[in-house]
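One file, input-v7.cif, is given below (mmCIF, C-alpha atoms and all ligand atoms).
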```cif
data_work
#
loop_
_atom_site.group_PDB
_atom_site.id
_atom_site.type_symbol
_atom_site.label_atom_id
_atom_site.label_comp_id
_atom_site.auth_asym_id
_atom_site.auth_seq_id
_atom_site.Cartn_x
_atom_site.Cartn_y
_atom_site.Cartn_z
ATOM 1 C CA MET X 1 -44.168 -77.589 -214.712
ATOM 2 C CA THR X 2 -41.247 -75.787 -213.120
ATOM 3 C CA LEU X 3 -41.290 -72.030 -213.423
ATOM 4 C CA PRO X 4 -38.197 -70.301 -214.794
ATOM 5 C CA PHE X 5 -35.975 -68.404 -212.364
ATOM 6 C CA ARG X 6 -37.403 -64.902 -212.090
ATOM 7 C CA ALA X 7 -35.757 -61.984 -210.276
ATOM 8 C CA ASP X 8 -37.493 -58.627 -210.760
ATOM 9 C CA MET X 9 -34.740 -56.009 -210.718
ATOM 10 C CA HIS X 10 -36.748 -52.826 -211.220
ATOM 11 C CA CYS X 11 -39.523 -51.561 -208.963
ATOM 12 C CA HIS X 12 -40.470 -48.502 -206.930
ATOM 13 C CA SER X 13 -41.614 -48.151 -203.325
ATOM 14 C CA THR X 14 -43.179 -45.338 -201.306
ATOM 15 C CA ALA X 15 -39.642 -43.987 -200.883
ATOM 16 C CA SER X 16 -40.176 -42.511 -204.363
ATOM 17 C CA ASP X 17 -43.302 -42.734 -206.522
ATOM 18 C CA GLY X 18 -44.363 -46.324 -205.853
ATOM 19 C CA HIS X 19 -47.535 -47.166 -203.965
ATOM 20 C CA LEU X 20 -46.367 -50.100 -201.854
ATOM 21 C CA THR X 21 -44.026 -49.784 -198.894
ATOM 22 C CA PRO X 22 -40.634 -51.489 -199.183
ATOM 23 C CA LYS X 23 -41.819 -54.352 -196.948
ATOM 24 C CA GLU X 24 -45.041 -54.761 -198.941
ATOM 25 C CA LEU X 25 -42.926 -55.141 -202.092
ATOM 26 C CA VAL X 26 -40.920 -57.918 -200.427
ATOM 27 C CA ASP X 27 -44.147 -59.657 -199.335
ATOM 28 C CA LYS X 28 -45.604 -59.346 -202.829
ATOM 29 C CA ALA X 29 -42.443 -60.794 -204.412
ATOM 30 C CA ILE X 30 -42.692 -63.769 -202.023
ATOM 31 C CA ASP X 31 -46.407 -64.230 -202.801
ATOM 32 C CA LEU X 32 -45.574 -64.252 -206.491
ATOM 33 C CA LYS X 33 -42.836 -66.825 -205.849
ATOM 34 C CA LEU X 34 -40.166 -64.618 -207.362
ATOM 35 C CA ASN X 35 -36.616 -65.896 -206.877
ATOM 36 C CA GLY X 36 -35.148 -62.464 -206.257
ATOM 37 C CA LEU X 37 -35.929 -58.771 -206.028
ATOM 38 C CA ALA X 38 -34.174 -55.424 -206.304
ATOM 39 C CA ILE X 39 -35.911 -52.223 -205.226
ATOM 40 C CA THR X 40 -34.798 -49.338 -207.435
ATOM 41 C CA ASP X 41 -36.379 -46.112 -206.264
ATOM 42 C CA HIS X 42 -35.725 -42.867 -208.101
ATOM 43 C CA ASP X 43 -32.550 -41.270 -206.694
ATOM 44 C CA THR X 44 -32.724 -42.806 -203.216
ATOM 45 C CA LEU X 45 -31.608 -46.015 -201.514
ATOM 46 C CA SER X 46 -33.814 -45.435 -198.490
ATOM 47 C CA GLY X 47 -36.684 -47.790 -199.423
ATOM 48 C CA ALA X 48 -34.329 -50.573 -200.473
ATOM 49 C CA LEU X 49 -32.283 -50.149 -197.286
ATOM 50 C CA GLU X 50 -35.447 -50.514 -195.233
ATOM 51 C CA ALA X 51 -36.415 -53.669 -197.127
ATOM 52 C CA LEU X 52 -33.015 -55.375 -196.924
ATOM 53 C CA PRO X 53 -33.179 -56.757 -193.330
ATOM 54 C CA TYR X 54 -36.816 -57.763 -193.868
ATOM 55 C CA ALA X 55 -35.983 -59.627 -197.088
ATOM 56 C CA MET X 56 -33.100 -61.369 -195.301
ATOM 57 C CA GLU X 57 -35.432 -62.403 -192.503
ATOM 58 C CA LYS X 58 -37.887 -63.765 -195.073
ATOM 59 C CA LYS X 59 -35.062 -65.418 -197.037
ATOM 60 C CA LEU X 60 -35.823 -63.583 -200.263
ATOM 61 C CA PRO X 61 -32.615 -62.951 -202.230
ATOM 62 C CA PHE X 62 -32.542 -59.171 -202.360
ATOM 63 C CA LEU X 63 -30.414 -56.433 -203.859
ATOM 64 C CA VAL X 64 -30.333 -52.764 -202.934
ATOM 65 C CA GLY X 65 -30.632 -50.813 -206.160
ATOM 66 C CA VAL X 66 -31.405 -47.295 -207.307
ATOM 67 C CA GLU X 67 -32.607 -45.630 -210.521
ATOM 68 C CA PHE X 68 -30.671 -42.415 -210.960
ATOM 69 C CA SER X 69 -32.071 -39.540 -213.011
ATOM 70 C CA THR X 70 -29.345 -38.231 -215.291
ATOM 71 C CA LEU X 71 -28.930 -35.913 -218.258
ATOM 72 C CA PHE X 72 -27.284 -36.850 -221.543
ATOM 73 C CA LYS X 73 -27.226 -34.144 -224.216
ATOM 74 C CA GLU X 74 -30.114 -32.427 -222.395
ATOM 75 C CA GLN X 75 -32.254 -35.575 -222.479
ATOM 76 C CA SER X 76 -33.423 -37.345 -219.355
ATOM 77 C CA ILE X 77 -31.824 -40.796 -219.071
ATOM 78 C CA HIS X 78 -32.416 -43.264 -216.249
ATOM 79 C CA VAL X 79 -29.474 -45.292 -214.984
ATOM 80 C CA LEU X 80 -30.014 -48.339 -212.789
ATOM 81 C CA ALA X 81 -27.271 -49.090 -210.262
ATOM 82 C CA TYR X 82 -26.685 -52.386 -208.462
ATOM 83 C CA SER X 83 -24.147 -54.118 -206.224
ATOM 84 C CA PHE X 84 -22.312 -50.915 -205.212
ATOM 85 C CA ASP X 85 -20.802 -50.243 -201.803
ATOM 86 C CA MET X 86 -23.811 -48.693 -200.044
ATOM 87 C CA SER X 87 -21.660 -46.665 -197.663
ATOM 88 C CA HIS X 88 -19.540 -45.072 -200.377
ATOM 89 C CA PRO X 89 -19.507 -41.298 -199.700
ATOM 90 C CA GLN X 90 -20.055 -40.421 -203.353
ATOM 91 C CA ILE X 91 -23.258 -42.465 -203.465
ATOM 92 C CA ASP X 92 -24.472 -40.442 -200.474
ATOM 93 C CA GLU X 93 -23.421 -37.233 -202.127
ATOM 94 C CA LEU X 94 -25.233 -38.131 -205.345
ATOM 95 C CA GLN X 95 -28.480 -38.750 -203.434
ATOM 96 C CA ASP X 96 -28.079 -35.415 -201.608
ATOM 97 C CA ARG X 97 -27.587 -33.573 -204.895
ATOM 98 C CA GLN X 98 -30.705 -35.164 -206.334
ATOM 99 C CA ILE X 99 -32.825 -34.284 -203.288
ATOM 100 C CA LYS X 100 -31.668 -30.657 -203.393
ATOM 101 C CA ARG X 101 -32.249 -30.305 -207.142
ATOM 102 C CA ARG X 102 -35.722 -31.826 -206.840
ATOM 103 C CA PHE X 103 -36.647 -29.577 -203.912
ATOM 104 C CA GLU X 104 -35.766 -26.465 -205.908
ATOM 105 C CA ARG X 105 -37.427 -27.704 -209.058
ATOM 106 C CA ASN X 106 -40.649 -28.757 -207.308
ATOM 107 C CA HIS X 107 -41.003 -25.274 -205.844
ATOM 108 C CA GLU X 108 -40.572 -23.749 -209.310
ATOM 109 C CA ILE X 109 -43.255 -26.082 -210.708
ATOM 110 C CA LEU X 110 -45.655 -25.091 -207.900
ATOM 111 C CA LYS X 111 -45.057 -21.415 -208.717
ATOM 112 C CA LEU X 112 -46.012 -22.007 -212.361
ATOM 113 C CA LEU X 113 -49.117 -23.959 -211.341
ATOM 114 C CA ALA X 114 -50.167 -21.117 -208.998
ATOM 115 C CA ILE X 115 -49.901 -18.629 -211.869
ATOM 116 C CA LYS X 116 -52.315 -20.874 -213.775
ATOM 117 C CA ASN X 117 -54.762 -20.828 -210.852
ATOM 118 C CA MET X 118 -53.885 -24.321 -209.664
ATOM 119 C CA PRO X 119 -52.413 -23.611 -206.241
ATOM 120 C CA ILE X 120 -50.730 -26.438 -204.341
ATOM 121 C CA SER X 121 -48.524 -25.926 -201.316
ATOM 122 C CA TYR X 122 -45.392 -27.936 -200.650
ATOM 123 C CA GLU X 123 -46.808 -28.822 -197.244
ATOM 124 C CA GLU X 124 -49.783 -30.509 -198.886
ATOM 125 C CA ILE X 125 -47.405 -32.771 -200.797
ATOM 126 C CA LEU X 126 -45.411 -33.546 -197.663
ATOM 127 C CA GLU X 127 -48.586 -34.384 -195.734
ATOM 128 C CA ARG X 128 -49.269 -37.164 -198.209
ATOM 129 C CA HIS X 129 -45.680 -38.251 -198.532
ATOM 130 C CA SER X 130 -44.047 -37.830 -195.204
ATOM 131 C CA GLU X 131 -41.381 -40.543 -195.140
ATOM 132 C CA ALA X 132 -37.927 -39.329 -194.270
ATOM 133 C CA ASP X 133 -35.456 -39.214 -197.185
ATOM 134 C CA SER X 134 -38.197 -39.850 -199.694
ATOM 135 C CA ILE X 135 -38.003 -38.516 -203.201
ATOM 136 C CA ILE X 136 -40.691 -36.161 -204.455
ATOM 137 C CA GLY X 137 -41.202 -35.803 -208.174
ATOM 138 C CA ARG X 138 -43.721 -34.800 -210.780
ATOM 139 C CA PRO X 139 -45.982 -37.836 -210.158
ATOM 140 C CA HIS X 140 -46.646 -36.593 -206.604
ATOM 141 C CA ILE X 141 -47.608 -33.171 -207.913
ATOM 142 C CA ALA X 142 -49.836 -34.829 -210.530
ATOM 143 C CA LEU X 143 -51.692 -36.778 -207.820
ATOM 144 C CA LEU X 144 -52.487 -33.580 -205.936
ATOM 145 C CA MET X 145 -53.657 -31.922 -209.146
ATOM 146 C CA ILE X 146 -56.162 -34.775 -209.519
ATOM 147 C CA GLU X 147 -57.202 -34.563 -205.855
ATOM 148 C CA LYS X 148 -57.877 -30.832 -206.234
ATOM 149 C CA GLY X 149 -59.863 -31.341 -209.417
ATOM 150 C CA TYR X 150 -57.428 -29.478 -211.670
ATOM 151 C CA VAL X 151 -57.041 -32.492 -213.993
ATOM 152 C CA ARG X 152 -58.853 -35.768 -214.489
ATOM 153 C CA ASP X 153 -55.880 -38.115 -214.425
ATOM 154 C CA ILE X 154 -52.080 -38.428 -214.433
ATOM 155 C CA GLN X 155 -52.001 -38.461 -218.237
ATOM 156 C CA GLU X 156 -53.774 -35.113 -218.448
ATOM 157 C CA ALA X 157 -51.453 -33.644 -215.796
ATOM 158 C CA PHE X 158 -48.380 -34.649 -217.800
ATOM 159 C CA GLN X 159 -49.783 -33.954 -221.257
ATOM 160 C CA LYS X 160 -50.998 -30.448 -220.442
ATOM 161 C CA TYR X 161 -48.702 -29.206 -217.722
ATOM 162 C CA LEU X 162 -45.916 -31.329 -216.259
ATOM 163 C CA GLY X 163 -44.539 -33.304 -219.195
ATOM 164 C CA ASP X 164 -41.230 -32.317 -220.770
ATOM 165 C CA GLY X 165 -41.637 -29.001 -222.588
ATOM 166 C CA LYS X 166 -45.249 -28.469 -221.411
ATOM 167 C CA SER X 167 -46.500 -25.240 -219.862
ATOM 168 C CA CYS X 168 -45.459 -25.937 -216.247
ATOM 169 C CA PHE X 169 -42.367 -27.973 -217.035
ATOM 170 C CA VAL X 170 -39.185 -26.922 -215.288
ATOM 171 C CA PRO X 171 -35.918 -28.409 -216.550
ATOM 172 C CA SER X 172 -33.604 -29.482 -213.824
ATOM 173 C CA PRO X 173 -29.829 -29.907 -213.836
ATOM 174 C CA ALA X 174 -29.554 -33.594 -213.007
ATOM 175 C CA PRO X 175 -25.999 -34.970 -212.893
ATOM 176 C CA SER X 176 -24.728 -36.138 -216.270
ATOM 177 C CA THR X 177 -25.048 -39.767 -217.322
ATOM 178 C CA ALA X 178 -21.254 -40.112 -217.625
ATOM 179 C CA GLU X 179 -20.606 -38.708 -214.161
ATOM 180 C CA THR X 180 -23.261 -40.965 -212.638
ATOM 181 C CA ILE X 181 -21.708 -44.047 -214.236
ATOM 182 C CA GLU X 182 -18.300 -42.950 -212.942
ATOM 183 C CA ILE X 183 -19.596 -42.623 -209.383
ATOM 184 C CA ILE X 184 -21.309 -46.034 -209.550
ATOM 185 C CA HIS X 185 -17.989 -47.502 -210.709
ATOM 186 C CA ARG X 186 -16.028 -45.800 -207.931
ATOM 187 C CA ALA X 187 -18.465 -47.436 -205.514
ATOM 188 C CA LYS X 188 -17.670 -50.778 -207.226
ATOM 189 C CA GLY X 189 -21.195 -51.146 -208.611
ATOM 190 C CA LYS X 190 -22.724 -51.861 -212.005
ATOM 191 C CA ALA X 191 -24.461 -49.231 -214.150
ATOM 192 C CA ILE X 192 -27.288 -50.349 -216.421
ATOM 193 C CA LEU X 193 -29.083 -48.257 -219.052
ATOM 194 C CA ALA X 194 -32.762 -48.439 -218.019
ATOM 195 C CA HIS X 195 -35.663 -49.085 -220.432
ATOM 196 C CA PRO X 196 -33.667 -48.426 -223.640
ATOM 197 C CA HIS X 197 -36.809 -48.845 -225.788
ATOM 198 C CA LEU X 198 -38.041 -45.489 -224.471
ATOM 199 C CA ILE X 199 -35.114 -43.685 -226.130
ATOM 200 C CA LYS X 200 -36.734 -42.759 -229.410
ATOM 201 C CA LYS X 201 -33.821 -40.908 -230.998
ATOM 202 C CA LYS X 202 -31.554 -43.471 -232.638
ATOM 203 C CA ARG X 203 -28.538 -41.178 -232.690
ATOM 204 C CA LEU X 204 -28.869 -40.449 -229.010
ATOM 205 C CA TYR X 205 -29.123 -44.173 -228.266
ATOM 206 C CA ASN X 206 -26.024 -44.895 -230.353
ATOM 207 C CA GLU X 207 -24.110 -42.158 -228.522
ATOM 208 C CA LEU X 208 -25.240 -43.568 -225.182
ATOM 209 C CA LEU X 209 -23.902 -46.993 -226.105
ATOM 210 C CA LYS X 210 -20.424 -45.458 -226.266
ATOM 211 C CA LEU X 211 -20.551 -44.705 -222.537
ATOM 212 C CA PRO X 212 -19.000 -47.246 -220.155
ATOM 213 C CA PHE X 213 -22.235 -48.892 -219.035
ATOM 214 C CA ASP X 214 -22.046 -52.453 -217.709
ATOM 215 C CA GLY X 215 -25.368 -53.545 -219.084
ATOM 216 C CA LEU X 216 -28.740 -52.887 -220.690
ATOM 217 C CA GLU X 217 -32.187 -53.405 -219.235
ATOM 218 C CA THR X 218 -33.060 -55.789 -222.024
ATOM 219 C CA TYR X 219 -36.242 -57.306 -220.614
ATOM 220 C CA TYR X 220 -39.148 -54.980 -219.915
ATOM 221 C CA ALA X 221 -42.713 -56.220 -220.201
ATOM 222 C CA ALA X 222 -43.899 -53.202 -222.184
ATOM 223 C CA MET X 223 -41.529 -54.053 -225.026
ATOM 224 C CA THR X 224 -43.407 -55.518 -227.933
ATOM 225 C CA LYS X 225 -42.516 -58.961 -229.250
ATOM 226 C CA GLY X 226 -39.013 -58.941 -230.649
ATOM 227 C CA GLN X 227 -38.330 -55.396 -229.459
ATOM 228 C CA ASN X 228 -35.695 -56.669 -227.062
ATOM 229 C CA MET X 229 -33.677 -58.362 -229.803
ATOM 230 C CA PRO X 230 -31.553 -55.343 -230.788
ATOM 231 C CA PHE X 231 -30.822 -54.745 -227.109
ATOM 232 C CA GLU X 232 -29.726 -58.364 -226.631
ATOM 233 C CA LYS X 233 -27.490 -57.962 -229.666
ATOM 234 C CA ALA X 234 -25.994 -54.680 -228.447
ATOM 235 C CA ALA X 235 -25.340 -56.143 -224.983
ATOM 236 C CA LYS X 236 -23.764 -59.318 -226.343
ATOM 237 C CA GLU X 237 -21.491 -57.371 -228.711
ATOM 238 C CA ARG X 238 -20.162 -55.389 -225.774
ATOM 239 C CA ASN X 239 -20.060 -58.240 -223.297
ATOM 240 C CA TRP X 240 -22.559 -56.337 -221.152
ATOM 241 C CA ILE X 241 -25.015 -57.908 -218.777
ATOM 242 C CA MET X 242 -28.741 -58.054 -219.546
ATOM 243 C CA THR X 243 -31.181 -57.301 -216.785
ATOM 244 C CA GLY X 244 -34.947 -57.266 -216.639
ATOM 245 C CA GLY X 245 -37.564 -55.821 -214.384
ATOM 246 C CA SER X 246 -41.162 -54.691 -214.292
ATOM 247 C CA ASP X 247 -40.730 -51.018 -213.273
ATOM 248 C CA PHE X 248 -43.682 -51.762 -210.992
ATOM 249 C CA HIS X 249 -45.090 -48.646 -209.298
ATOM 250 C CA GLY X 250 -48.414 -49.959 -207.984
ATOM 251 C CA ILE X 251 -51.075 -47.779 -209.490
ATOM 252 C CA GLY X 252 -50.718 -44.700 -211.658
ATOM 253 C CA GLY X 253 -49.253 -44.399 -215.105
ATOM 254 C CA TYR X 254 -47.553 -47.807 -214.924
ATOM 255 C CA PRO X 255 -49.835 -50.786 -215.470
ATOM 256 C CA LEU X 256 -47.074 -53.425 -215.349
ATOM 257 C CA SER X 257 -47.281 -55.914 -212.524
ATOM 258 C CA LEU X 258 -44.457 -57.046 -210.278
ATOM 259 C CA GLY X 259 -42.644 -60.000 -211.820
ATOM 260 C CA SER X 260 -43.887 -59.267 -215.358
ATOM 261 C CA SER X 261 -40.239 -59.016 -216.484
ATOM 262 C CA TRP X 262 -37.210 -60.523 -214.879
ATOM 263 C CA THR X 263 -33.476 -61.167 -214.810
ATOM 264 C CA ASN X 264 -32.094 -64.666 -215.258
ATOM 265 C CA GLU X 265 -30.401 -66.714 -212.569
ATOM 266 C CA GLU X 266 -26.821 -66.306 -213.749
ATOM 267 C CA THR X 267 -26.979 -62.508 -213.956
ATOM 268 C CA PHE X 268 -28.943 -62.036 -210.751
ATOM 269 C CA THR X 269 -26.673 -64.370 -208.802
ATOM 270 C CA SER X 270 -23.485 -62.664 -209.949
ATOM 271 C CA LEU X 271 -24.887 -59.217 -209.075
ATOM 272 C CA LEU X 272 -26.020 -60.545 -205.696
ATOM 273 C CA GLN X 273 -22.598 -62.011 -204.959
ATOM 274 C CA LEU X 274 -20.921 -58.730 -205.840
ATOM 275 C CA PHE X 275 -23.408 -56.875 -203.609
ATOM 276 C CA ILE X 276 -22.588 -59.210 -200.703
ATOM 277 C CA LYS X 277 -18.841 -58.844 -201.269
ATOM 278 C CA ASN X 278 -18.851 -55.055 -201.602
ATOM 279 C CA ASN X 279 -20.915 -54.644 -198.454
ATOM 280 C CA GLU X 280 -19.506 -57.479 -196.356
ATOM 281 C CA LEU X 281 -22.998 -58.854 -195.798
ATOM 282 C CA PRO X 282 -23.655 -62.261 -194.271
ATOM 283 C CA ARG X 283 -24.095 -64.908 -196.956
ATOM 284 C CA THR X 284 -27.609 -65.600 -195.689
ATOM 285 C CA VAL X 285 -28.753 -62.711 -197.887
ATOM 286 C CA SER X 286 -28.695 -65.182 -200.774
HETATM 287 P P1 LIG I 301 -39.435 -36.519 -212.232
HETATM 288 O O1 LIG I 301 -38.518 -37.620 -211.759
HETATM 289 O O2 LIG I 301 -39.939 -35.667 -211.134
HETATM 290 O O3 LIG I 301 -38.854 -35.738 -213.377
HETATM 291 O O4 LIG I 301 -40.725 -37.253 -212.833
HETATM 292 C C1 LIG I 301 -40.528 -38.232 -213.802
HETATM 293 C C2 LIG I 301 -41.404 -39.409 -213.492
HETATM 294 O O5 LIG I 301 -42.728 -39.038 -213.832
HETATM 295 C C3 LIG I 301 -41.091 -40.612 -214.338
HETATM 296 O O6 LIG I 301 -40.130 -41.448 -213.750
HETATM 297 C C4 LIG I 301 -42.425 -41.292 -214.385
HETATM 298 O O7 LIG I 301 -42.594 -42.074 -213.205
HETATM 299 C C5 LIG I 301 -43.414 -40.161 -214.348
HETATM 300 N N1 LIG I 301 -43.962 -39.784 -215.663
HETATM 301 C C6 LIG I 301 -43.325 -39.159 -216.667
HETATM 302 N N2 LIG I 301 -44.148 -38.956 -217.724
HETATM 303 C C7 LIG I 301 -45.336 -39.490 -217.370
HETATM 304 C C8 LIG I 301 -46.610 -39.613 -218.004
HETATM 305 N N3 LIG I 301 -46.836 -39.146 -219.232
HETATM 306 N N4 LIG I 301 -47.605 -40.230 -217.324
HETATM 307 C C9 LIG I 301 -47.395 -40.693 -216.093
HETATM 308 N N5 LIG I 301 -46.226 -40.612 -215.434
HETATM 309 C C10 LIG I 301 -45.209 -40.019 -216.053
HETATM 310 ZN ZN ZN I 302 -41.273 -43.634 -211.197
HETATM 311 FE FE FE I 303 -37.306 -45.004 -215.381
HETATM 312 FE FE FE I 304 -38.429 -46.962 -212.862
#
```

Give the structure from this file in structure tokens form.
Ligand code: AMP
Ligand code: ZN
Ligand code: FE
Ligand code: FE
Amino acid sequence: MTLPFRADMHCHSTASDGHLTPKELVDKAIDLKLNGLAITDHDTLSGALEALPYAMEKKLPFLVGVEFSTLFKEQSIHVLAYSFDMSHPQIDELQDRQIKRRFERNHEILKLLAIKNMPISYEEILERHSEADSIIGRPHIALLMIEKGYVRDIQEAFQKYLGDGKSCFVPSPAPSTAETIEIIHRAKGKAILAHPHLIKKKRLYNELLKLPFDGLETYYAAMTKGQNMPFEKAAKERNWIMTGGSDFHGIGGYPLSLGSSWTNEETFTSLLQLFIKNNELPRTVS
């Protein structure tokens, strides 16, 4: 039996809150016989950039992606970006803004935890997460809370302290969803609304669909049977592309395995060709 074409277009490396290095992700994709991969770390290209030459060497069709944190009507919305010009100055600037905002926010969270007798120093986080340009977020703080015995697991850390609106939550002025889409477009890339099934407020979702996205992440293994149908319909009505990916993180709050959701051949190939064109890469990447 021939397997269908499977390109996993959503996963995280150690450059953000994933547990495998960028190269380990490439190796795992090859082991799983995936036909393509995109690494989409939170707010940074650095892991994907590290993986690109390795994937080319191993002949795995590979796309540099990113999952930007954005705000839409005060709600956190994740936007996946693909195929953009990687050297576009506004993509650099967007990453810098995200790193700065996270740095300030993480310090505020640590202050609140200290008040609650759960001291953690920023240095302790860096010791365990020392890669240059890497993104530090709430999951890294949660892991240290477990290590220090303040909570039993990630769920408890988020439910009691770090989750949105909880006692040590600090809101953070992420760039708006509209502005992020605009920057991705200026860099000639495609902007995809990530995991739309997690947007519980119907009105918010309907408002989001009015933004100039290029596609919806329609295939996500955690969606229940049939849950992707309205997203397929919405994408088709708008002539948007439909992507899929596992959102693989390794261990932690995300049990989904690499390759458990995927993008089809036509969509992956067209995004890959655009990526090659916008970055003047050798055709061997595909
Ligand atoms: P941040 O980007 O620092 O705001 O942290 C958000 C990230 O925390 C998300 O992308 C998830 O990876 C993770 N996260 C959010 N809520 C939970 C939860 N309840 N359990 C585990 N991880 C979570
Ligand atoms: Zn994550
Ligand atoms: Fe996400
Ligand atoms: Fe993700």

Report as a ChimeraX atom specification which protein, DNA and RNA residues come within 12 Å of ligand ZN 302 (chain I), using only C-alpha atoms and all ligand atoms. /X:10-19,39-44,66-69,78,135-140,194,246-255

Between X:Lys236, X:Val79, X:Met118, X:Gly189, which has the minimum distance to ligand FE 303 (chain I) (counting only C-alpha atoms and all ligand atoms)? X:Val79

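Among X:Gln75, X:His185, X:Phe213, X:Lys233, the residue with the shortest atom-to-atom distance to Gly165 in chain X, counting all atoms listed in the file, is X:Gln75.
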
Residues returned when the PyMOL selection byres (((chain X and resi 23-38) around 6) and not hetatm) runs on this file, as a count of residues only: 14

Please enumerate the residues selected by the PyMOL selection byres (((chain X and resi 84) around 6) and not hetatm) when evaluated against the supplied file, formatted as a list in words.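 Taken over the shown coordinates, the PyMOL selection byres (((chain X and resi 84) around 6) and not hetatm) returns Tyr82, Ser83, Asp85, Met86, Ala187, Lys188 and Gly189 of chain X.
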
Neighbouring residues of Arg128 in chain X were defined as those with any atom within 10 Å, considering only C-alpha atoms; residues of the same chain fewer than 5 positions away were excluded. Please report them as number ranges by chain. X: 123, 140, 143-144

Apply the PyMOL selection byres (((chain X and resi 94-111) around 10) and not hetatm) to the file shown and report the selected residues as a PDB file with C-alpha atoms, in the frame of the given file.
```pdb
ATOM      1  CA  HIS X  42     -35.725 -42.867-208.101  1.00  0.00           C
ATOM      2  CA  ASP X  43     -32.550 -41.270-206.694  1.00  0.00           C
ATOM      3  CA  THR X  44     -32.724 -42.806-203.216  1.00  0.00           C
ATOM      4  CA  LEU X  45     -31.608 -46.015-201.514  1.00  0.00           C
ATOM      5  CA  SER X  46     -33.814 -45.435-198.490  1.00  0.00           C
ATOM      6  CA  VAL X  66     -31.405 -47.295-207.307  1.00  0.00           C
ATOM      7  CA  PHE X  68     -30.671 -42.415-210.960  1.00  0.00           C
ATOM      8  CA  SER X  69     -32.071 -39.540-213.011  1.00  0.00           C
ATOM      9  CA  THR X  70     -29.345 -38.231-215.291  1.00  0.00           C
ATOM     10  CA  PRO X  89     -19.507 -41.298-199.700  1.00  0.00           C
ATOM     11  CA  GLN X  90     -20.055 -40.421-203.353  1.00  0.00           C
ATOM     12  CA  ILE X  91     -23.258 -42.465-203.465  1.00  0.00           C
ATOM     13  CA  ASP X  92     -24.472 -40.442-200.474  1.00  0.00           C
ATOM     14  CA  GLU X  93     -23.421 -37.233-202.127  1.00  0.00           C
ATOM     15  CA  LEU X 112     -46.012 -22.007-212.361  1.00  0.00           C
ATOM     16  CA  LEU X 113     -49.117 -23.959-211.341  1.00  0.00           C
ATOM     17  CA  ALA X 114     -50.167 -21.117-208.998  1.00  0.00           C
ATOM     18  CA  ILE X 115     -49.901 -18.629-211.869  1.00  0.00           C
ATOM     19  CA  LYS X 116     -52.315 -20.874-213.775  1.00  0.00           C
ATOM     20  CA  ASN X 117     -54.762 -20.828-210.852  1.00  0.00           C
ATOM     21  CA  MET X 118     -53.885 -24.321-209.664  1.00  0.00           C
ATOM     22  CA  PRO X 119     -52.413 -23.611-206.241  1.00  0.00           C
ATOM     23  CA  ILE X 120     -50.730 -26.438-204.341  1.00  0.00           C
ATOM     24  CA  SER X 121     -48.524 -25.926-201.316  1.00  0.00           C
ATOM     25  CA  TYR X 122     -45.392 -27.936-200.650  1.00  0.00           C
ATOM     26  CA  ASP X 133     -35.456 -39.214-197.185  1.00  0.00           C
ATOM     27  CA  SER X 134     -38.197 -39.850-199.694  1.00  0.00           C
ATOM     28  CA  ILE X 135     -38.003 -38.516-203.201  1.00  0.00           C
ATOM     29  CA  ILE X 136     -40.691 -36.161-204.455  1.00  0.00           C
ATOM     30  CA  GLY X 137     -41.202 -35.803-208.174  1.00  0.00           C
ATOM     31  CA  ARG X 138     -43.721 -34.800-210.780  1.00  0.00           C
ATOM     32  CA  HIS X 140     -46.646 -36.593-206.604  1.00  0.00           C
ATOM     33  CA  ILE X 141     -47.608 -33.171-207.913  1.00  0.00           C
ATOM     34  CA  TYR X 161     -48.702 -29.206-217.722  1.00  0.00           C
ATOM     35  CA  LEU X 162     -45.916 -31.329-216.259  1.00  0.00           C
ATOM     36  CA  SER X 167     -46.500 -25.240-219.862  1.00  0.00           C
ATOM     37  CA  CYS X 168     -45.459 -25.937-216.247  1.00  0.00           C
ATOM     38  CA  PHE X 169     -42.367 -27.973-217.035  1.00  0.00           C
ATOM     39  CA  VAL X 170     -39.185 -26.922-215.288  1.00  0.00           C
ATOM     40  CA  PRO X 171     -35.918 -28.409-216.550  1.00  0.00           C
ATOM     41  CA  SER X 172     -33.604 -29.482-213.824  1.00  0.00           C
ATOM     42  CA  PRO X 173     -29.829 -29.907-213.836  1.00  0.00           C
ATOM     43  CA  ALA X 174     -29.554 -33.594-213.007  1.00  0.00           C
ATOM     44  CA  PRO X 175     -25.999 -34.970-212.893  1.00  0.00           C
ATOM     45  CA  GLU X 179     -20.606 -38.708-214.161  1.00  0.00           C
ATOM     46  CA  THR X 180     -23.261 -40.965-212.638  1.00  0.00           C
ATOM     47  CA  ILE X 183     -19.596 -42.623-209.383  1.00  0.00           C
ATOM     48  CA  ILE X 184     -21.309 -46.034-209.550  1.00  0.00           C
TER      49      ILE X 184
END
```

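CA of Leu60 in chain X to CA of Trp240 in chain X spans 25.8 Å [interatomic distance, one decimal].
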
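Using only C-alpha atoms and all ligand atoms, the smallest distance between any of X:His88, X:Lys160, X:Lys277, X:Lys190 and ligand LIG 301 (chain I) comes from X:Lys160.
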
Given all atoms listed in the file as the basis, pick out the residue of X:Leu49, X:Ala81, X:Ala55, X:Ile154 nearest to ligand LIG 301 (chain I). X:Ile154

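Across the structure, CA of Trp262 in chain X and CA of Met242 in chain X are spaced 10.0 Å apart.
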
Each side padded by 8 Å, which centre and which edge lengths in Å (one decimal) define the axis-aligned box around the listed atoms of range 139-145 of chain X? Give them as AutoDock Vina command-line options.
```
--center_x -49.8 --center_y -34.9 --center_z -208.2 --size_x 23.7 --size_y 21.9 --size_z 20.6
```

For a test of reading the model, state the distance in Å between CA of Glu217 in chain X and atom P1 of ligand LIG 301 (chain I), rounded to one decimal. 19.7 Å

Let me make sure I understand: among X:Ala191, X:Leu198, X:Leu211, X:Leu274, which one has the smallest atom-to-atom distance to ligand LIG 301 (chain I) if we use only C-alpha atoms and all ligand atoms?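 Closest residue, counting only C-alpha atoms and all ligand atoms: X:Leu198.
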